[in-house]
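Here is target_5.csv, consisting of CSV, C-alpha atoms:
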```
chain,number,residue,atom,x,y,z
Y,1,MET,CA,96.9,-102.5,-6.1
Y,2,VAL,CA,97.1,-105.4,-8.6
Y,3,ALA,CA,97.3,-108.9,-7.2
Y,4,ALA,CA,100.6,-110.6,-7.5
Y,5,ASN,CA,99.3,-113.4,-9.8
Y,6,HIS,CA,97.5,-111.0,-12.2
Y,7,LYS,CA,99.3,-108.8,-14.7
Y,8,PRO,CA,97.8,-105.4,-15.5
Y,9,MET,CA,96.1,-105.4,-18.8
Y,10,ASP,CA,98.0,-103.6,-21.5
Y,11,LYS,CA,96.0,-100.6,-22.9
Y,12,HIS,CA,96.4,-102.1,-26.4
Y,13,THR,CA,94.9,-105.5,-25.3
Y,14,TYR,CA,91.6,-106.2,-27.0
Y,15,THR,CA,88.9,-108.0,-25.0
Y,16,TYR,CA,85.5,-109.4,-25.5
Y,17,GLY,CA,84.3,-106.2,-24.0
Y,18,CYS,CA,84.6,-104.6,-27.4
Y,19,LEU,CA,81.3,-106.3,-28.3
Y,20,SER,CA,79.7,-104.1,-25.6
Y,21,SER,CA,81.5,-100.8,-26.2
Y,22,GLN,CA,80.9,-101.1,-30.0
Y,23,ARG,CA,77.4,-102.5,-29.7
Y,24,GLY,CA,75.7,-99.5,-31.3
Y,25,ARG,CA,78.0,-99.4,-34.2
Y,26,LEU,CA,77.7,-103.1,-34.8
Y,27,MET,CA,73.9,-102.9,-34.7
Y,28,GLY,CA,74.2,-100.1,-37.4
Y,29,ALA,CA,76.5,-102.2,-39.5
Y,30,ALA,CA,74.1,-105.2,-39.2
Y,31,MET,CA,71.2,-103.1,-40.2
Y,32,LEU,CA,73.0,-101.9,-43.3
Y,33,MET,CA,73.7,-105.5,-44.3
Y,34,VAL,CA,70.0,-106.3,-44.0
Y,35,VAL,CA,69.1,-103.3,-46.2
Y,36,LEU,CA,71.6,-104.3,-48.8
Y,37,PHE,CA,70.2,-107.8,-48.8
Y,38,HIS,CA,66.7,-106.6,-49.2
Y,39,VAL,CA,67.5,-104.2,-52.0
Y,40,GLY,CA,68.6,-107.3,-54.0
Y,41,GLY,CA,68.9,-107.0,-57.7
Y,42,ALA,CA,69.5,-109.2,-60.6
Y,43,ARG,CA,72.5,-111.6,-60.4
Y,44,HIS,CA,74.6,-109.7,-62.9
Y,45,ASP,CA,73.5,-106.2,-62.0
Y,46,THR,CA,76.5,-105.7,-59.7
Y,47,ILE,CA,79.7,-107.5,-58.7
Y,48,PHE,CA,78.4,-106.9,-55.2
Y,49,TYR,CA,75.6,-109.4,-55.7
Y,50,CYS,CA,76.9,-112.4,-53.8
Y,51,LEU,CA,78.1,-110.3,-50.9
Y,52,SER,CA,74.8,-108.4,-50.7
Y,53,ARG,CA,73.0,-111.8,-50.6
Y,54,CYS,CA,75.1,-112.7,-47.6
Y,55,GLY,CA,73.9,-109.6,-45.9
Y,56,ASN,CA,71.2,-111.8,-44.4
Y,57,VAL,CA,73.8,-112.6,-41.8
Y,58,GLY,CA,73.0,-109.1,-40.3
Y,59,VAL,CA,70.0,-110.7,-38.6
Y,60,ASP,CA,72.3,-113.2,-36.9
Y,61,VAL,CA,74.5,-110.4,-35.7
Y,62,PHE,CA,71.4,-108.7,-34.2
Y,63,LEU,CA,70.5,-111.8,-32.4
Y,64,PHE,CA,74.0,-112.5,-31.2
Y,65,LEU,CA,74.3,-109.0,-29.8
Y,66,SER,CA,70.8,-109.1,-28.3
Y,67,GLY,CA,71.7,-112.3,-26.4
Y,68,ILE,CA,74.8,-110.5,-25.0
Y,69,GLY,CA,72.6,-107.5,-24.0
Y,70,LEU,CA,70.1,-109.7,-22.3
Y,71,TRP,CA,72.8,-111.3,-20.2
Y,72,PHE,CA,73.9,-107.9,-19.1
Y,73,SER,CA,70.4,-106.9,-18.1
Y,74,TRP,CA,69.7,-110.2,-16.4
Y,75,SER,CA,72.9,-110.0,-14.4
Y,76,ARG,CA,72.1,-106.5,-13.2
Y,77,ASN,CA,68.7,-107.6,-12.1
Y,78,GLN,CA,70.2,-110.5,-10.1
Y,79,LEU,CA,72.6,-108.1,-8.5
Y,80,ARG,CA,69.8,-105.7,-7.5
Y,81,ILE,CA,67.9,-108.7,-6.0
Y,82,LYS,CA,70.9,-109.7,-3.9
Y,83,ASN,CA,71.5,-106.1,-2.7
Y,84,GLU,CA,67.8,-105.7,-1.8
Y,85,GLU,CA,67.8,-109.1,0.0
Y,86,LEU,CA,70.9,-108.0,1.9
Y,87,ARG,CA,69.3,-104.7,2.9
Y,88,ILE,CA,66.2,-106.5,4.1
Y,89,LYS,CA,68.3,-109.0,6.1
Y,90,ASN,CA,70.3,-106.2,7.7
Y,91,GLU,CA,67.1,-104.4,8.7
Y,92,GLU,CA,65.7,-107.6,10.2
Y,93,LEU,CA,68.9,-108.2,12.1
Y,94,ARG,CA,68.9,-104.6,13.5
Y,95,LYS,CA,65.2,-105.0,14.4
Y,96,ASN,CA,65.7,-108.3,16.2
Y,97,ALA,CA,69.0,-107.3,17.9
Y,98,GLY,CA,68.8,-108.4,21.5
Y,99,GLU,CA,65.6,-110.3,20.9
Y,100,ALA,CA,64.8,-114.0,20.7
Y,101,VAL,CA,65.2,-115.5,17.2
Y,102,ASP,CA,61.9,-115.3,15.3
Y,103,GLU,CA,61.0,-118.7,13.8
Y,104,ASP,CA,59.1,-116.9,11.1
Y,105,ALA,CA,62.2,-115.0,9.9
Y,106,ALA,CA,63.3,-117.7,7.4
Y,107,PRO,CA,59.9,-118.0,5.7
Y,108,ARG,CA,59.7,-114.2,5.6
Y,109,SER,CA,63.1,-114.1,3.8
Y,110,VAL,CA,61.9,-116.7,1.4
Y,111,ARG,CA,58.8,-114.7,0.7
Y,112,SER,CA,60.9,-111.6,0.2
Y,113,HIS,CA,63.1,-113.4,-2.3
Y,114,SER,CA,60.1,-114.7,-4.2
Y,115,SER,CA,58.5,-111.3,-4.4
Y,116,LEU,CA,61.8,-109.6,-5.5
Y,117,SER,CA,62.4,-112.2,-8.2
Y,118,CYS,CA,58.9,-111.8,-9.6
Y,119,SER,CA,59.2,-108.0,-9.6
Y,120,SER,CA,62.6,-108.2,-11.3
Y,121,LEU,CA,61.3,-110.6,-13.9
Y,122,MET,CA,58.3,-108.4,-14.7
Y,123,SER,CA,60.6,-105.4,-14.9
Y,124,PHE,CA,62.9,-107.3,-17.3
Y,125,PHE,CA,60.0,-108.3,-19.6
Y,126,ARG,CA,58.5,-104.8,-19.5
Y,127,ARG,CA,61.7,-103.2,-20.7
Y,128,ARG,CA,62.2,-105.7,-23.5
Y,129,TYR,CA,58.6,-105.5,-24.7
Y,130,VAL,CA,58.3,-101.8,-24.5
Y,131,ARG,CA,61.3,-101.4,-26.7
Y,132,VAL,CA,59.7,-103.6,-29.5
Y,133,TYR,CA,55.9,-103.8,-29.1
Y,134,PRO,CA,54.8,-100.1,-29.3
Y,135,ALA,CA,56.8,-99.5,-32.5
Y,136,TRP,CA,55.5,-102.7,-33.9
Y,137,LEU,CA,51.9,-101.8,-33.2
Y,138,VAL,CA,52.2,-98.5,-35.1
Y,139,VAL,CA,53.8,-100.1,-38.1
Y,140,ALA,CA,51.5,-103.1,-38.0
Y,141,CYS,CA,48.4,-100.9,-38.0
Y,142,LEU,CA,49.7,-98.9,-41.0
Y,143,TYR,CA,50.4,-102.2,-42.9
Y,144,TYR,CA,47.5,-104.4,-42.0
Y,145,LEU,CA,44.5,-102.0,-41.6
Y,146,PRO,CA,44.6,-100.9,-45.3
Y,147,ARG,CA,44.5,-104.6,-46.3
Y,148,TYR,CA,41.5,-105.1,-44.1
Y,149,PHE,CA,39.6,-102.2,-45.6
Y,150,ASP,CA,40.6,-103.5,-49.1
Y,151,GLY,CA,39.0,-106.8,-48.2
Y,152,HIS,CA,42.2,-108.8,-48.4
Y,153,LEU,CA,42.0,-109.7,-44.7
Y,154,SER,CA,39.2,-110.7,-42.3
Y,155,ALA,CA,38.7,-108.8,-39.1
Y,156,ALA,CA,40.0,-111.8,-37.1
Y,157,ASP,CA,43.1,-112.1,-39.3
Y,158,THR,CA,43.8,-108.4,-39.0
Y,159,ALA,CA,43.5,-108.4,-35.2
Y,160,LEU,CA,45.8,-111.5,-34.9
Y,161,SER,CA,48.3,-110.0,-37.3
Y,162,ILE,CA,48.5,-106.7,-35.5
Y,163,ALA,CA,48.5,-108.3,-32.0
Y,164,LEU,CA,50.8,-111.3,-32.6
Y,165,ASN,CA,51.8,-111.3,-36.3
Y,166,TRP,CA,50.0,-114.7,-36.2
Y,167,GLY,CA,50.5,-115.2,-39.9
Y,168,PHE,CA,54.2,-115.9,-39.3
Y,169,TRP,CA,53.5,-118.7,-36.8
Y,170,GLU,CA,50.6,-120.1,-38.8
Y,171,HIS,CA,51.8,-120.0,-42.4
Y,172,ASP,CA,55.3,-118.4,-42.4
Y,173,GLU,CA,54.3,-114.9,-43.5
Y,174,LEU,CA,57.7,-113.2,-43.7
Y,175,THR,CA,56.7,-109.5,-43.9
Y,176,PHE,CA,57.8,-108.7,-40.3
Y,177,TRP,CA,59.0,-112.2,-39.2
Y,178,PHE,CA,61.8,-110.8,-37.0
Y,179,VAL,CA,59.4,-109.1,-34.5
Y,180,PRO,CA,57.5,-112.3,-33.4
Y,181,SER,CA,60.7,-114.2,-33.4
Y,182,ILE,CA,62.6,-111.8,-31.1
Y,183,MET,CA,59.6,-111.5,-28.8
Y,184,ALA,CA,59.5,-115.3,-28.5
Y,185,LEU,CA,63.2,-115.4,-27.7
Y,186,TYR,CA,62.9,-112.6,-25.1
Y,187,THR,CA,60.1,-114.7,-23.5
Y,188,VAL,CA,62.3,-117.8,-23.0
Y,189,ALA,CA,65.6,-116.0,-22.4
Y,190,PRO,CA,65.2,-115.7,-18.6
Y,191,ALA,CA,64.5,-119.4,-18.2
Y,192,TYR,CA,67.7,-120.2,-20.2
Y,193,MET,CA,69.8,-117.7,-18.3
Y,194,GLU,CA,68.7,-119.1,-15.0
Y,195,LEU,CA,69.3,-122.6,-16.3
Y,196,ILE,CA,73.0,-121.9,-17.2
Y,197,ARG,CA,73.5,-119.9,-14.0
Y,198,ARG,CA,72.5,-123.0,-11.9
Y,199,HIS,CA,73.9,-125.6,-14.3
Y,200,PRO,CA,76.8,-124.2,-16.4
Y,201,GLU,CA,77.1,-127.5,-18.3
Y,202,CYS,CA,73.9,-126.5,-20.0
Y,203,ARG,CA,75.8,-123.9,-22.0
Y,204,LEU,CA,76.0,-126.6,-24.6
Y,205,MET,CA,72.3,-125.9,-25.4
Y,206,PRO,CA,73.2,-124.1,-28.7
Y,207,VAL,CA,74.7,-127.4,-30.0
Y,208,VAL,CA,71.4,-129.1,-29.1
Y,209,ALA,CA,69.5,-126.3,-31.0
Y,210,MET,CA,71.7,-126.9,-34.1
Y,211,VAL,CA,70.8,-130.6,-34.0
Y,212,GLY,CA,67.2,-129.5,-33.6
Y,213,CYS,CA,67.5,-127.6,-36.9
Y,214,VAL,CA,68.6,-130.7,-38.7
Y,215,LEU,CA,65.8,-132.7,-37.2
Y,216,ALA,CA,63.3,-129.9,-38.1
Y,217,GLN,CA,64.4,-130.3,-41.7
Y,218,TYR,CA,64.5,-134.1,-42.0
Y,219,TRP,CA,62.5,-135.7,-39.2
Y,220,PRO,CA,58.8,-135.7,-40.5
Y,221,PRO,CA,57.0,-135.2,-37.1
Y,222,LEU,CA,59.1,-132.2,-36.2
Y,223,HIS,CA,59.2,-130.9,-39.8
Y,224,SER,CA,55.4,-130.9,-40.0
Y,225,ALA,CA,55.2,-129.0,-36.7
Y,226,VAL,CA,57.9,-126.3,-37.2
Y,227,GLY,CA,59.4,-126.8,-40.6
Y,228,HIS,CA,57.5,-123.8,-42.0
Y,229,ILE,CA,59.3,-121.4,-39.6
Y,230,GLU,CA,62.8,-122.5,-40.3
Y,231,ILE,CA,63.9,-118.9,-40.6
Y,232,PHE,CA,63.2,-118.6,-36.9
Y,233,THR,CA,64.3,-122.0,-35.6
Y,234,SER,CA,67.7,-121.8,-37.4
Y,235,ARG,CA,68.4,-118.5,-35.6
Y,236,ILE,CA,67.9,-119.9,-32.1
Y,237,PRO,CA,71.5,-121.2,-31.8
Y,238,ILE,CA,73.2,-117.8,-32.4
Y,239,PHE,CA,70.9,-116.1,-29.9
Y,240,LEU,CA,71.8,-118.7,-27.2
Y,241,ILE,CA,75.5,-118.3,-28.1
Y,242,GLY,CA,75.2,-114.6,-27.5
Y,243,ILE,CA,73.8,-115.2,-24.0
Y,244,ASN,CA,76.6,-117.7,-23.4
Y,245,MET,CA,79.2,-115.1,-24.3
Y,246,GLY,CA,77.7,-112.4,-22.1
Y,247,GLN,CA,79.8,-113.3,-19.1
Y,248,ALA,CA,83.0,-113.0,-21.0
Y,249,VAL,CA,82.0,-109.7,-22.4
Y,250,MET,CA,81.0,-108.4,-18.9
Y,251,GLU,CA,84.3,-109.5,-17.5
Y,252,ARG,CA,86.2,-108.0,-20.5
Y,253,ARG,CA,88.2,-111.2,-20.8
Y,254,PRO,CA,91.2,-110.6,-23.1
Y,255,ILE,CA,91.5,-112.2,-26.6
Y,256,LYS,CA,95.1,-113.2,-27.2
Y,257,ARG,CA,96.9,-113.1,-30.6
Y,258,ALA,CA,96.2,-116.8,-31.3
Y,259,GLY,CA,92.5,-116.1,-30.7
Y,260,TRP,CA,92.5,-113.3,-33.3
Y,261,TRP,CA,94.2,-115.5,-35.9
Y,262,MET,CA,91.6,-118.2,-35.2
Y,263,LEU,CA,88.8,-115.6,-35.7
Y,264,LEU,CA,90.3,-114.5,-39.0
Y,265,ALA,CA,90.4,-118.1,-40.2
Y,266,VAL,CA,86.8,-118.8,-39.1
Y,267,PHE,CA,85.6,-115.6,-40.8
Y,268,ALA,CA,87.5,-116.4,-44.1
Y,269,LEU,CA,86.2,-120.0,-44.2
Y,270,SER,CA,82.6,-119.2,-43.3
Y,271,ALA,CA,82.5,-116.2,-45.7
Y,272,LEU,CA,83.9,-118.3,-48.5
Y,273,ALA,CA,81.2,-121.0,-47.9
Y,274,CYS,CA,78.4,-118.4,-47.9
Y,275,VAL,CA,79.6,-116.7,-51.0
Y,276,ASN,CA,79.8,-120.0,-52.8
Y,277,PHE,CA,76.3,-120.9,-51.6
Y,278,GLU,CA,75.0,-117.7,-53.1
Y,279,ASP,CA,77.1,-117.7,-56.3
Y,280,GLY,CA,76.0,-121.0,-57.8
Y,281,LEU,CA,74.2,-123.2,-55.3
Y,282,ARG,CA,71.1,-121.0,-54.5
Y,283,GLY,CA,68.0,-123.3,-54.7
Y,284,ARG,CA,70.1,-126.5,-54.5
Y,285,PHE,CA,70.3,-126.8,-50.8
Y,286,PRO,CA,68.0,-126.4,-47.8
Y,287,LEU,CA,68.3,-122.8,-46.5
Y,288,PHE,CA,69.0,-123.9,-42.9
Y,289,LEU,CA,72.4,-125.2,-44.1
Y,290,GLU,CA,73.6,-121.8,-45.0
Y,291,ARG,CA,72.2,-120.4,-41.8
Y,292,MET,CA,74.3,-122.8,-39.8
Y,293,VAL,CA,77.3,-121.3,-41.6
Y,294,TYR,CA,76.0,-117.9,-40.6
Y,295,ILE,CA,76.7,-118.8,-36.9
Y,296,PRO,CA,80.5,-118.8,-37.1
Y,297,LEU,CA,80.4,-116.0,-39.6
Y,298,ALA,CA,78.3,-113.7,-37.3
Y,299,VAL,CA,80.5,-114.4,-34.2
Y,300,SER,CA,83.8,-113.9,-36.0
Y,301,MET,CA,82.6,-110.9,-38.0
Y,302,SER,CA,81.2,-109.2,-34.9
Y,303,LEU,CA,84.4,-109.5,-33.0
Y,304,LEU,CA,86.7,-108.5,-35.9
Y,305,LEU,CA,84.5,-105.5,-36.7
Y,306,ALA,CA,84.4,-104.5,-33.1
Y,307,ARG,CA,88.2,-104.6,-32.9
Y,308,LEU,CA,88.4,-102.4,-36.0
Y,309,MET,CA,85.9,-99.9,-34.6
Y,310,GLU,CA,87.4,-99.5,-31.1
Y,311,PRO,CA,90.2,-97.1,-32.2
Y,312,MET,CA,87.8,-95.1,-34.3
Y,313,PRO,CA,87.0,-91.6,-32.9
Y,314,ARG,CA,83.4,-91.0,-31.9
Y,315,TRP,CA,82.6,-88.8,-34.8
Y,316,ALA,CA,83.7,-91.4,-37.3
Y,317,GLY,CA,81.4,-94.0,-35.9
Y,318,ALA,CA,78.5,-91.7,-35.3
Y,319,PRO,CA,76.6,-92.6,-38.5
Y,320,LEU,CA,76.7,-96.3,-37.7
Y,321,ALA,CA,75.7,-95.6,-34.1
Y,322,PHE,CA,72.8,-93.5,-35.2
Y,323,VAL,CA,71.6,-96.3,-37.5
Y,324,GLY,CA,72.1,-98.8,-34.7
Y,325,ALA,CA,70.0,-96.8,-32.3
Y,326,VAL,CA,67.0,-96.9,-34.6
Y,327,SER,CA,67.7,-100.2,-36.2
Y,328,LEU,CA,64.4,-101.7,-35.0
Y,329,GLU,CA,62.4,-98.9,-36.6
Y,330,ILE,CA,64.4,-99.0,-39.8
Y,331,TYR,CA,63.7,-102.8,-40.0
Y,332,LEU,CA,60.0,-102.2,-39.6
Y,333,ILE,CA,59.8,-99.4,-42.1
Y,334,HIS,CA,62.4,-99.9,-44.9
Y,335,ALA,CA,61.1,-102.9,-46.8
Y,336,GLN,CA,57.4,-102.3,-47.2
Y,337,PHE,CA,57.2,-98.5,-46.9
Y,338,VAL,CA,60.4,-97.3,-48.5
Y,339,LEU,CA,61.9,-100.0,-50.7
Y,340,LEU,CA,58.8,-101.1,-52.5
Y,341,PRO,CA,58.0,-97.5,-53.8
Y,342,LEU,CA,61.6,-96.9,-54.8
Y,343,HIS,CA,61.9,-100.2,-56.7
Y,344,ARG,CA,59.2,-98.9,-59.1
Y,345,LEU,CA,61.6,-96.0,-60.1
Y,346,HIS,CA,64.3,-98.4,-61.3
Y,347,LEU,CA,67.1,-96.3,-60.0
Y,348,GLY,CA,69.7,-99.1,-59.9
Y,349,TYR,CA,71.2,-101.0,-57.0
Y,350,TRP,CA,73.3,-98.3,-55.3
Y,351,PRO,CA,71.1,-95.3,-55.7
Y,352,THR,CA,68.2,-97.4,-54.4
Y,353,ALA,CA,70.2,-98.7,-51.4
Y,354,ILE,CA,71.4,-95.2,-50.4
Y,355,ALA,CA,67.9,-93.7,-50.7
Y,356,VAL,CA,66.4,-96.6,-48.6
Y,357,VAL,CA,69.0,-96.1,-45.9
Y,358,VAL,CA,68.6,-92.3,-45.7
Y,359,VAL,CA,64.8,-92.2,-45.9
Y,360,SER,CA,64.3,-95.2,-43.6
Y,361,ALA,CA,66.8,-93.7,-41.0
Y,362,LEU,CA,64.9,-90.4,-41.0
Y,363,LEU,CA,61.5,-92.1,-40.7
Y,364,GLY,CA,62.8,-94.6,-38.1
Y,365,TRP,CA,64.2,-91.7,-36.0
Y,366,LEU,CA,60.8,-89.9,-36.1
Y,367,LEU,CA,59.0,-93.2,-35.1
Y,368,HIS,CA,61.6,-93.8,-32.3
Y,369,LYS,CA,61.1,-90.4,-30.8
Y,370,ALA,CA,57.3,-90.5,-31.1
Y,371,VAL,CA,57.1,-94.0,-29.4
Y,372,GLY,CA,59.6,-92.9,-26.8
Y,373,LEU,CA,57.4,-90.0,-25.8
Y,374,LEU,CA,54.4,-92.3,-25.5
Y,375,THR,CA,56.1,-95.0,-23.5
Y,376,ARG,CA,58.4,-92.9,-21.3
Y,377,LYS,CA,56.4,-93.5,-18.1
Y,378,ILE,CA,55.9,-97.2,-18.9
Y,379,ALA,CA,59.6,-98.0,-19.3
```

Target format C-alpha cells, applied to this file:
Amino acid sequence: MVAANHKPMDKHTYTYGCLSSQRGRLMGAAMLMVVLFHVGGARHDTIFYCLSRCGNVGVDVFLFLSGIGLWFSWSRNQLRIKNEELRIKNEELRKNAGEAVDEDAAPRSVRSHSSLSCSSLMSFFRRRYVRVYPAWLVVACLYYLPRYFDGHLSAADTALSIALNWGFWEHDELTFWFVPSIMALYTVAPAYMELIRRHPECRLMPVVAMVGCVLAQYWPPLHSAVGHIEIFTSRIPIFLIGINMGQAVMERRPIKRAGWWMLLAVFALSALACVNFEDGLRGRFPLFLERMVYIPLAVSMSLLLARLMEPMPRWAGAPLAFVGAVSLEIYLIHAQFVLLPLHRLHLGYWPTAIAVVVVSALLGWLLHKAVGLLTRKIA
C-alpha cells in the first residue's frame, strides 16, 4: 500500500538510480574516452581532435562513479553492523531475562560495537585493495623490472615503484598515476563518509577541495608541497561529489523535467568550455582550470548518458558493460603495452584506436580472470 502523501512513481520516471543500474556501461564509456584521449594524434589529423582531447574527462567519470559505489558499500557495512549489534543485544536480553541487570552489559556492548566497526572497516579496505592492488602488481612488475635490469632504475626505486608507485608522489611520474591516486582516495573515503554521516553540513567539502586546487596552484607553500601532483589534487572534488550523491542514488530519488533541462544546459556549457580550451588555448592556462570544468561535465554527462542507456536492451549495452568490467585492467595495459607498439605502425587515428580497444580488452579480460583466480579466497 502506498502512503497517502506519496504518489507512486511512474514507470517512465528517471531517477538518480540510473547511475547505479548503468554503472557498468558508464564505466565502459569512460574507458573508451580515456583510450581515445591517449591515442591522441596531430591537431589536424582528424576533426575529432578537440573532442578526443576532452576524453580525459573519462577519469573524472570513473572517480564520480567510484565515489557513488563506495557510499553503497559503506552503507551496507553500516547496516550489517547495526543488524549484528541488534542480534547481540537480543541474545543478551534473552540470556539475562529474569536476572538482575548486569552493570558490565553496557561496556560489553561498547566493546562489541568497536570490534564490529573495526572488522567492517578492514573488510571494506580488503575488498577495495584486492580489486586494484594484485592487478597493479602484475603490470608494475612487467613494466618496472625490465627497466631495473636495463640499468635505468636502482633496486630501491624499482621496489618503491612496484609497491607504491612512489615516483608519482615524488616527482609526478604519470605512467600509472591513477592507481596510487585511487588507492589514496579509497584510504580516506571511510573517514569522509563517517564525517558527512555525523555532520551532513560537511557535504560542502568538495567546494573546500576546489578552493584547495586554486591555492595549490597559486599559494607558494602549498604549491611547493603538492603542486607537482595537480593531476590528483584536482580530481579530489569529483570523487567527494560522487560520495555525496550516493544517498540520492541509493534512494532512487526522481529527477524532474526541470532537472533534465538544467543538466542539458550544464553539459552544453561545460563541453563548450572544454572544447574551446583544447581548440586554441592549450598551453595558455593552468591545467587545473580545465579540470574544474570537468567536474560539471562529468556529473551532467554521466546522468544524461545513463538516461539514454536505461531503455537499451541488455545485448545492446553488452560491449560497454564488458569494457567497464575490465576497465582497470584496460587502463593498466593499454598505454604502455598496446598503444606504444601500435603507434610505430602509423596506422592512423581510428585504426589505432580500434586496435587498442580490442587488444587491450582481450588482454585485460585475461588479466582480470587470472587475478580473480588468485585472489578469490582473499576477497

Exercise for the section: For CA of Phe277 (chain Y) and CA of Glu290 (chain Y), quote the distance in Å rounded to one decimal. Expected result: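 Computing it gives 7.2 Å between the two atoms.
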
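With all atoms listed in the file as the atoms that count, the residue of Y:Ser154, Y:Gln217, Y:Asn96, Y:Thr187 with the shortest distance to Phe124 (chain Y) is Y:Thr187.
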
Practice task
Pick out the closest residue to Leu303 (chain Y) from this set: Y:Val130, Y:Ile255, Y:Leu222, Y:Val211. Count only C-alpha atoms.
Solution key: Y:Ile255

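Nearest to Tyr144 (chain Y) of all the residues Y:Arg282, Y:Pro200, Y:Leu342, Y:Gln336 is Y:Gln336, based on only C-alpha atoms.
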
Practice task
Would you work out the distance separating CA of Ala191 (chain Y) from CA of Trp169 (chain Y), expressed in Å to one decimal?
Solution key: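 Taking CA of Ala191 (chain Y) and CA of Trp169 (chain Y), their separation equals 21.6 Å.
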
Completion exercise
Met301 (chain Y) proximity check over Y:Phe267, Y:Trp260, Y:Phe288, Y:Phe232, using all atoms listed in the file: winner is Y:Phe267

Problem - Point-to-point distance in Å for CA of Leu272 (chain Y) and CA of Arg307 (chain Y) - result: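 Between CA of Arg307 (chain Y) and CA of Leu272 (chain Y) the gap works out to 21.2 Å.
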
Practice task
Considering all atoms listed in the file, return as a ChimeraX atom specification whatever protein or nucleic-acid residues lie within 10 Å of Leu121 (chain Y), sequence-local ones (same chain, fewer than 6 positions apart) excluded.
Solution key: /Y:74,77-78,115,190

Handout entry: Which of Y:Arg314, Y:His38, Y:Arg131, Y:Arg291 sits closest to Val371 (chain Y) [using all atoms listed in the file]
Key = Y:Arg131

Please provide as an mmCIF file with C-alpha atoms, in the frame of the given file all residues within 9 Å of Gly242 (chain Y), with the sequence filter that same-chain residues fewer than 5 positions apart are discarded (counting all atoms listed in the file).
```
data_model
loop_
_atom_site.group_PDB
_atom_site.id
_atom_site.type_symbol
_atom_site.label_atom_id
_atom_site.label_comp_id
_atom_site.auth_asym_id
_atom_site.auth_seq_id
_atom_site.Cartn_x
_atom_site.Cartn_y
_atom_site.Cartn_z
ATOM 1 C CA LEU Y 63 70.500 -111.800 -32.400
ATOM 2 C CA PHE Y 64 74.000 -112.500 -31.200
ATOM 3 C CA LEU Y 65 74.300 -109.000 -29.800
ATOM 4 C CA SER Y 66 70.800 -109.100 -28.300
ATOM 5 C CA GLY Y 67 71.700 -112.300 -26.400
ATOM 6 C CA ILE Y 68 74.800 -110.500 -25.000
ATOM 7 C CA GLY Y 69 72.600 -107.500 -24.000
ATOM 8 C CA LEU Y 70 70.100 -109.700 -22.300
ATOM 9 C CA TRP Y 71 72.800 -111.300 -20.200
ATOM 10 C CA PRO Y 237 71.500 -121.200 -31.800
ATOM 11 C CA VAL Y 299 80.500 -114.400 -34.200
#
```

Practice task
Mind listing whatever residues come within 7 Å of the point (73.1, -108.1, -42.5)? Use only C-alpha atoms, file coordinates, and give them as a PyMOL selection string.
Solution key: chain Y and resi 30-34+37+55-59

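Using all atoms listed in the file for every distance, the candidate list Y:Trp365, Y:Phe322, Y:Tyr143, Y:Tyr133 yields Y:Tyr143 as the residue closest to Thr175 (chain Y).
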
Exercise for the section: Excluding region 348-362 of chain Y and residues on its chain fewer than 6 positions from it, collect all residues at most 8 Å away from it, counting all atoms listed in the file, and give them as an NGL selection string. Expected result: :Y and (32 or 35-36 or 39-41 or 45-46 or 323 or 326 or 330 or 333-334 or 338-339 or 342)

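Residues surrounding Ala321 (chain Y) within 8 Å are Gly24, Arg25, Leu26, Met27, Gly28, Gly317 and Ala325 of chain Y [all atoms listed in the file; sequence separation below 4 positions excluded].
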
Exercise for the section: May I have the protein, DNA and RNA residues with an atom at most 12 Å from (59.0, -109.6, -37.3), counting only C-alpha atoms in the file's coordinates, returned as number ranges by chain? Expected result: Y: 59, 132-133, 135-137, 139-140, 161-169, 172-185, 231-232, 328-329, 331-333, 335
